[in-house]
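Shown next: query09.cif, given as mmCIF, C-alpha atoms; chains and numbers go by the auth columns.
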```cif
data_model
loop_
_atom_site.group_PDB
_atom_site.id
_atom_site.type_symbol
_atom_site.label_atom_id
_atom_site.label_comp_id
_atom_site.label_asym_id
_atom_site.label_seq_id
_atom_site.Cartn_x
_atom_site.Cartn_y
_atom_site.Cartn_z
_atom_site.B_iso_or_equiv
_atom_site.auth_seq_id
_atom_site.auth_asym_id
ATOM 1 C CA MET A 1 102.993 119.251 106.474 0.00 651 A
ATOM 2 C CA GLU A 2 106.719 118.657 106.364 0.00 652 A
ATOM 3 C CA TYR A 3 107.261 114.927 106.555 0.00 653 A
ATOM 4 C CA PHE A 4 111.046 115.105 106.339 0.00 654 A
ATOM 5 C CA THR A 5 113.256 117.755 107.938 0.00 655 A
ATOM 6 C CA PRO A 6 117.033 118.025 108.375 0.00 656 A
ATOM 7 C CA HIS A 7 118.133 116.710 111.749 0.00 657 A
ATOM 8 C CA GLY A 8 121.823 116.623 112.678 0.00 658 A
ATOM 9 C CA ASP A 9 123.599 114.388 110.173 0.00 659 A
ATOM 10 C CA GLY A 10 120.337 112.780 109.122 0.00 660 A
ATOM 11 C CA VAL A 11 116.683 113.387 108.479 0.00 661 A
ATOM 12 C CA LEU A 12 113.730 113.443 110.847 0.00 662 A
ATOM 13 C CA LEU A 13 110.596 111.669 109.595 0.00 663 A
ATOM 14 C CA ARG A 14 107.195 112.673 110.976 0.00 664 A
ATOM 15 C CA LEU A 15 103.891 111.047 110.012 0.00 665 A
ATOM 16 C CA ASP A 16 100.504 111.278 111.644 0.00 666 A
ATOM 17 C CA GLU A 17 98.611 108.109 112.523 0.00 667 A
ATOM 18 C CA ASP A 18 96.657 107.888 109.252 0.00 668 A
ATOM 19 C CA GLU A 19 99.698 108.593 107.075 0.00 669 A
ATOM 20 C CA ALA A 20 101.791 106.049 108.948 0.00 670 A
ATOM 21 C CA GLY A 21 98.977 103.510 108.639 0.00 671 A
ATOM 22 C CA ALA A 22 98.765 104.031 104.882 0.00 672 A
ATOM 23 C CA LEU A 23 102.518 103.564 104.486 0.00 673 A
ATOM 24 C CA ARG A 24 102.509 100.486 106.740 0.00 674 A
ATOM 25 C CA ARG A 25 99.827 98.924 104.516 0.00 675 A
ATOM 26 C CA LEU A 26 101.823 99.782 101.401 0.00 676 A
ATOM 27 C CA VAL A 27 104.945 98.192 102.888 0.00 677 A
ATOM 28 C CA ALA A 28 102.948 95.025 103.642 0.00 678 A
ATOM 29 C CA ASP A 29 101.457 95.016 100.121 0.00 679 A
ATOM 30 C CA MET A 30 104.892 95.469 98.554 0.00 680 A
ATOM 31 C CA ARG A 31 106.349 92.650 100.662 0.00 681 A
ATOM 32 C CA SER A 32 103.567 90.380 99.465 0.00 682 A
ATOM 33 C CA LEU A 33 104.125 91.377 95.844 0.00 683 A
ATOM 34 C CA LEU A 34 107.877 90.775 96.043 0.00 684 A
ATOM 35 C CA ALA A 35 107.410 87.431 97.823 0.00 685 A
ATOM 36 C CA HIS A 36 105.386 85.999 94.938 0.00 686 A
ATOM 37 C CA ASP A 37 107.979 86.956 92.306 0.00 687 A
ATOM 38 C CA ASP A 38 105.540 86.245 89.459 0.00 688 A
ATOM 39 C CA ARG A 39 107.339 87.591 86.373 0.00 689 A
ATOM 40 C CA SER A 40 104.041 87.732 84.497 0.00 690 A
ATOM 41 C CA ASP A 41 102.844 90.471 86.891 0.00 691 A
ATOM 42 C CA PRO A 42 103.303 93.810 85.081 0.00 692 A
ATOM 43 C CA ALA A 43 104.242 95.529 88.359 0.00 693 A
ATOM 44 C CA LEU A 44 107.138 93.120 88.900 0.00 694 A
ATOM 45 C CA GLU A 45 108.124 93.535 85.289 0.00 695 A
ATOM 46 C CA ARG A 46 108.324 97.295 85.954 0.00 696 A
ATOM 47 C CA LEU A 47 110.282 96.835 89.191 0.00 697 A
ATOM 48 C CA TYR A 48 112.742 94.449 87.513 0.00 698 A
ATOM 49 C CA PRO A 49 112.971 95.527 83.869 0.00 699 A
ATOM 50 C CA ASN A 50 115.009 93.454 81.475 0.00 700 A
ATOM 51 C CA ALA A 51 118.610 94.538 81.183 0.00 701 A
ATOM 52 C CA TYR A 52 119.163 92.717 77.876 0.00 702 A
ATOM 53 C CA GLU A 53 117.029 92.052 74.825 0.00 703 A
ATOM 54 C CA ASP A 54 118.646 88.678 74.230 0.00 704 A
ATOM 55 C CA PRO A 55 116.881 86.080 76.430 0.00 705 A
ATOM 56 C CA GLU A 56 120.099 84.170 77.148 0.00 706 A
ATOM 57 C CA ASP A 57 121.965 87.325 78.182 0.00 707 A
ATOM 58 C CA GLU A 58 119.003 88.295 80.353 0.00 708 A
ATOM 59 C CA ARG A 59 118.970 84.862 82.022 0.00 709 A
ATOM 60 C CA LYS A 60 122.687 85.133 82.799 0.00 710 A
ATOM 61 C CA TYR A 61 122.189 88.626 84.197 0.00 711 A
ATOM 62 C CA ARG A 62 119.301 87.464 86.411 0.00 712 A
ATOM 63 C CA ASP A 63 121.367 84.525 87.639 0.00 713 A
ATOM 64 C CA LEU A 64 124.182 86.905 88.513 0.00 714 A
ATOM 65 C CA VAL A 65 122.329 89.805 90.179 0.00 715 A
ATOM 66 C CA GLY A 66 118.660 88.830 90.491 0.00 716 A
ATOM 67 C CA ALA A 67 118.855 87.790 94.143 0.00 717 A
ATOM 68 C CA GLU A 68 120.691 90.983 95.101 0.00 718 A
ATOM 69 C CA LEU A 69 118.093 93.139 93.329 0.00 719 A
ATOM 70 C CA ARG A 70 115.297 91.379 95.251 0.00 720 A
ATOM 71 C CA ASN A 71 117.235 91.599 98.525 0.00 721 A
ATOM 72 C CA GLU A 72 117.835 95.343 98.110 0.00 722 A
ATOM 73 C CA LYS A 73 114.137 95.981 97.581 0.00 723 A
ATOM 74 C CA ALA A 74 113.313 93.817 100.620 0.00 724 A
ATOM 75 C CA ARG A 75 115.883 95.701 102.731 0.00 725 A
ATOM 76 C CA ALA A 76 114.272 98.991 101.744 0.00 726 A
ATOM 77 C CA LEU A 77 110.876 97.737 102.919 0.00 727 A
ATOM 78 C CA ASP A 78 112.393 96.318 106.113 0.00 728 A
ATOM 79 C CA THR A 79 113.955 99.706 106.866 0.00 729 A
ATOM 80 C CA MET A 80 110.694 101.531 106.251 0.00 730 A
ATOM 81 C CA ALA A 81 108.832 99.108 108.517 0.00 731 A
ATOM 82 C CA ALA A 82 111.472 99.405 111.244 0.00 732 A
ATOM 83 C CA ASN A 83 111.158 103.199 111.143 0.00 733 A
ATOM 84 C CA MET A 84 107.379 102.928 111.562 0.00 734 A
ATOM 85 C CA THR A 85 107.012 100.535 114.490 0.00 735 A
ATOM 86 C CA GLY A 86 103.845 100.646 116.550 0.00 736 A
ATOM 87 C CA ASP A 87 100.348 101.634 115.497 0.00 737 A
ATOM 88 C CA GLY A 88 100.224 105.400 115.913 0.00 738 A
ATOM 89 C CA ARG A 89 102.084 108.407 114.635 0.00 739 A
ATOM 90 C CA VAL A 90 105.733 108.149 113.653 0.00 740 A
ATOM 91 C CA GLU A 91 108.751 110.229 114.522 0.00 741 A
ATOM 92 C CA ALA A 92 112.010 108.597 113.486 0.00 742 A
ATOM 93 C CA GLU A 93 115.555 109.714 112.776 0.00 743 A
ATOM 94 C CA LEU A 94 116.932 108.414 109.485 0.00 744 A
ATOM 95 C CA ASP A 95 120.625 108.111 108.749 0.00 745 A
ATOM 96 C CA ALA A 96 122.042 108.369 105.212 0.00 746 A
ATOM 97 C CA GLU A 97 121.632 104.656 104.482 0.00 747 A
ATOM 98 C CA GLN A 98 118.044 104.660 105.727 0.00 748 A
ATOM 99 C CA VAL A 99 117.266 107.715 103.592 0.00 749 A
ATOM 100 C CA GLN A 100 118.476 105.869 100.489 0.00 750 A
ATOM 101 C CA ARG A 101 116.330 102.878 101.403 0.00 751 A
ATOM 102 C CA TRP A 102 113.303 105.124 101.889 0.00 752 A
ATOM 103 C CA LEU A 103 113.905 106.563 98.423 0.00 753 A
ATOM 104 C CA THR A 104 114.094 103.033 97.005 0.00 754 A
ATOM 105 C CA GLY A 105 110.917 101.966 98.797 0.00 755 A
ATOM 106 C CA LEU A 106 108.964 105.071 97.780 0.00 756 A
ATOM 107 C CA THR A 107 110.095 104.670 94.169 0.00 757 A
ATOM 108 C CA ASP A 108 109.027 101.028 94.110 0.00 758 A
ATOM 109 C CA MET A 109 105.636 101.903 95.602 0.00 759 A
ATOM 110 C CA ARG A 110 105.102 104.638 93.010 0.00 760 A
ATOM 111 C CA LEU A 111 106.129 102.372 90.139 0.00 761 A
ATOM 112 C CA THR A 112 103.798 99.622 91.343 0.00 762 A
ATOM 113 C CA LEU A 113 100.831 101.958 91.811 0.00 763 A
ATOM 114 C CA GLY A 114 101.563 103.554 88.454 0.00 764 A
ATOM 115 C CA VAL A 115 101.414 100.183 86.709 0.00 765 A
ATOM 116 C CA ARG A 116 98.198 99.243 88.518 0.00 766 A
ATOM 117 C CA LEU A 117 96.632 102.573 87.487 0.00 767 A
ATOM 118 C CA GLY A 118 97.878 102.383 83.899 0.00 768 A
ATOM 119 C CA VAL A 119 100.138 105.426 84.116 0.00 769 A
ATOM 120 C CA THR A 120 102.155 105.700 80.929 0.00 770 A
ATOM 121 C CA GLU A 121 103.310 109.331 80.934 0.00 771 A
ATOM 122 C CA ASP A 122 103.644 112.357 83.191 0.00 772 A
ATOM 123 C CA LEU A 123 100.320 113.153 84.845 0.00 773 A
ATOM 124 C CA GLY A 124 100.913 116.885 84.714 0.00 774 A
ATOM 125 C CA GLY A 125 98.404 118.926 86.692 0.00 775 A
ATOM 126 C CA GLU A 126 95.365 116.703 86.142 0.00 776 A
ATOM 127 C CA GLN A 127 92.756 116.797 88.870 0.00 777 A
ATOM 128 C CA ILE A 128 91.560 113.607 90.508 0.00 778 A
ATOM 129 C CA ASP A 129 87.862 112.920 90.007 0.00 779 A
ATOM 130 C CA PRO A 130 86.521 112.133 93.498 0.00 780 A
ATOM 131 C CA ASP A 131 83.893 109.827 91.923 0.00 781 A
ATOM 132 C CA ASP A 132 86.544 107.703 90.214 0.00 782 A
ATOM 133 C CA PRO A 133 86.673 104.275 91.919 0.00 783 A
ATOM 134 C CA GLU A 134 90.453 104.569 91.843 0.00 784 A
ATOM 135 C CA ALA A 135 90.522 108.097 93.300 0.00 785 A
ATOM 136 C CA PHE A 136 92.145 106.926 96.520 0.00 786 A
ATOM 137 C CA SER A 137 94.895 105.105 94.618 0.00 787 A
ATOM 138 C CA TRP A 138 95.505 108.203 92.479 0.00 788 A
ATOM 139 C CA SER A 139 95.703 110.348 95.613 0.00 789 A
ATOM 140 C CA LEU A 140 98.095 107.854 97.148 0.00 790 A
ATOM 141 C CA LEU A 141 100.287 107.955 94.044 0.00 791 A
ATOM 142 C CA HIS A 142 100.460 111.755 94.201 0.00 792 A
ATOM 143 C CA TRP A 143 101.127 111.689 97.951 0.00 793 A
ATOM 144 C CA LEU A 144 103.999 109.212 97.532 0.00 794 A
ATOM 145 C CA GLY A 145 105.495 111.542 94.929 0.00 795 A
ATOM 146 C CA TRP A 146 105.190 114.427 97.346 0.00 796 A
ATOM 147 C CA LEU A 147 106.899 112.420 100.087 0.00 797 A
ATOM 148 C CA GLN A 148 109.694 111.518 97.716 0.00 798 A
ATOM 149 C CA GLU A 149 110.112 115.120 96.576 0.00 799 A
ATOM 150 C CA GLN A 150 110.279 116.373 100.165 0.00 800 A
ATOM 151 C CA LEU A 151 112.916 113.806 101.042 0.00 801 A
ATOM 152 C CA LEU A 152 114.974 114.745 97.985 0.00 802 A
ATOM 153 C CA GLU A 153 114.726 118.435 98.873 0.00 803 A
ATOM 154 C CA VAL A 154 116.039 117.736 102.377 0.00 804 A
ATOM 155 C CA ILE A 155 119.057 115.757 101.201 0.00 805 A
ATOM 156 C CA ASP A 156 119.735 117.938 98.148 0.00 806 A
ATOM 157 C CA PRO A 157 118.210 121.422 98.413 0.00 807 A
ATOM 158 C CA ASP A 158 119.533 122.299 94.936 0.00 808 A
ATOM 159 C CA HIS A 159 117.796 119.372 93.191 0.00 809 A
ATOM 160 C CA ARG A 160 114.799 121.505 92.178 0.00 810 A
ATOM 161 C CA ARG A 161 117.067 123.878 90.253 0.00 811 A
ATOM 162 C CA THR A 162 118.660 120.902 88.550 0.00 812 A
ATOM 163 C CA TYR A 163 115.542 118.847 87.786 0.00 813 A
ATOM 164 C CA GLY A 164 112.533 121.121 88.385 0.00 814 A
#
```
Could the structure of this file be written out as structure tokens, please?
Amino acid sequence: MEYFTPHGDGVLLRLDEDEAGALRRLVADMRSLLAHDDRSDPALERLYPNAYEDPEDERKYRDLVGAELRNEKARALDTMAANMTGDGRVEAELDAEQVQRWLTGLTDMRLTLGVRLGVTEDLGGEQIDPDDPEAFSWSLLHWLGWLQEQLLEVIDPDHRRTYG
């Protein structure tokens, strides 16, 4: 299925009811994670990596830009939620700013799931064991990557030649 297709000056997003439901739950989970802002949580550590090794420099940096970093991630989730109103399937037109926020939100979801699953390197072509208790989370991680790749291909059809 093509989730993202070119549409005028923007991108058309299409999700079936189950896909939209999964993304709505992920948006809610991410909002909850970001609201707690517990720096001891490895997922938050991954979403907000240190910019400086020196603790004092890092503190100054966080004081300067920390709120804006959190606000940008929250805006991405707000945009995703606004594009998926209702309970059923989704069909929404995304403008350039919304596309960037979707990319931010999808990236943050993938990073968070990756930390929770213990991903430390490229997964390559490994198959998911359906008996693994985390099989659904692994499938979700792969699906989010596929969504992100499709969106990138729509906004930059040459990206595969550059990065793939």
Discussion item. Under the rule that only C-alpha atoms are counted, which of A:Lys723, A:Arg739, A:Arg712, A:Arg664 is the nearest residue to Thr757 (chain A)?
Written reply: A:Lys723
Fill in: Selection under test: the PyMOL selection byres ((chain A and resi 745-755) around 12); residues as a PyMOL selection string
chain A and resi 654-663+673-674+676-681+684+697+719-734+742-744+756-762+794-806
Worksheet item: Looking at all atoms listed in the file, which of A:Val769, A:Met651, A:Ala670, A:Leu763 is the one that sits closest to Asp737 (chain A)?
Response: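 Among the listed residues, A:Ala670 lies closest to Asp737 (chain A).
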Discussion item. Report, in Å to a single decimal, how far apart CA of Pro699 (chain A) and CA of Ala785 (chain A) are.
Written reply: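 For CA of Ala785 (chain A) relative to CA of Pro699 (chain A), the distance reads 27.4 Å.
Computed from the coordinates, the CA of Thr770 (chain A) to CA of Glu652 (chain A) distance equals 28.9 Å.
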Worksheet item: On this structure, which residues satisfy the PyMOL selection byres ((chain A and resi 693) around 8), written as an MDAnalysis selection string?
Response: chainID A and resid 691:692 694:697 761:762 765:766
Worksheet entry | Proximity to Trp788 (chain A) - best of A:Pro807, A:Asn700, A:Leu683, A:Gly768, all atoms listed in the file |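 For Trp788 (chain A), the nearest of the given residues is A:Gly768.
Every protein, DNA or RNA residue with an atom at most 10 Å from Ala701 (chain A), where all atoms listed in the file count and chain neighbours fewer than 5 positions away do not, is listed here: Asp707, Glu708, Arg709, Tyr711 and Arg712 of chain A.
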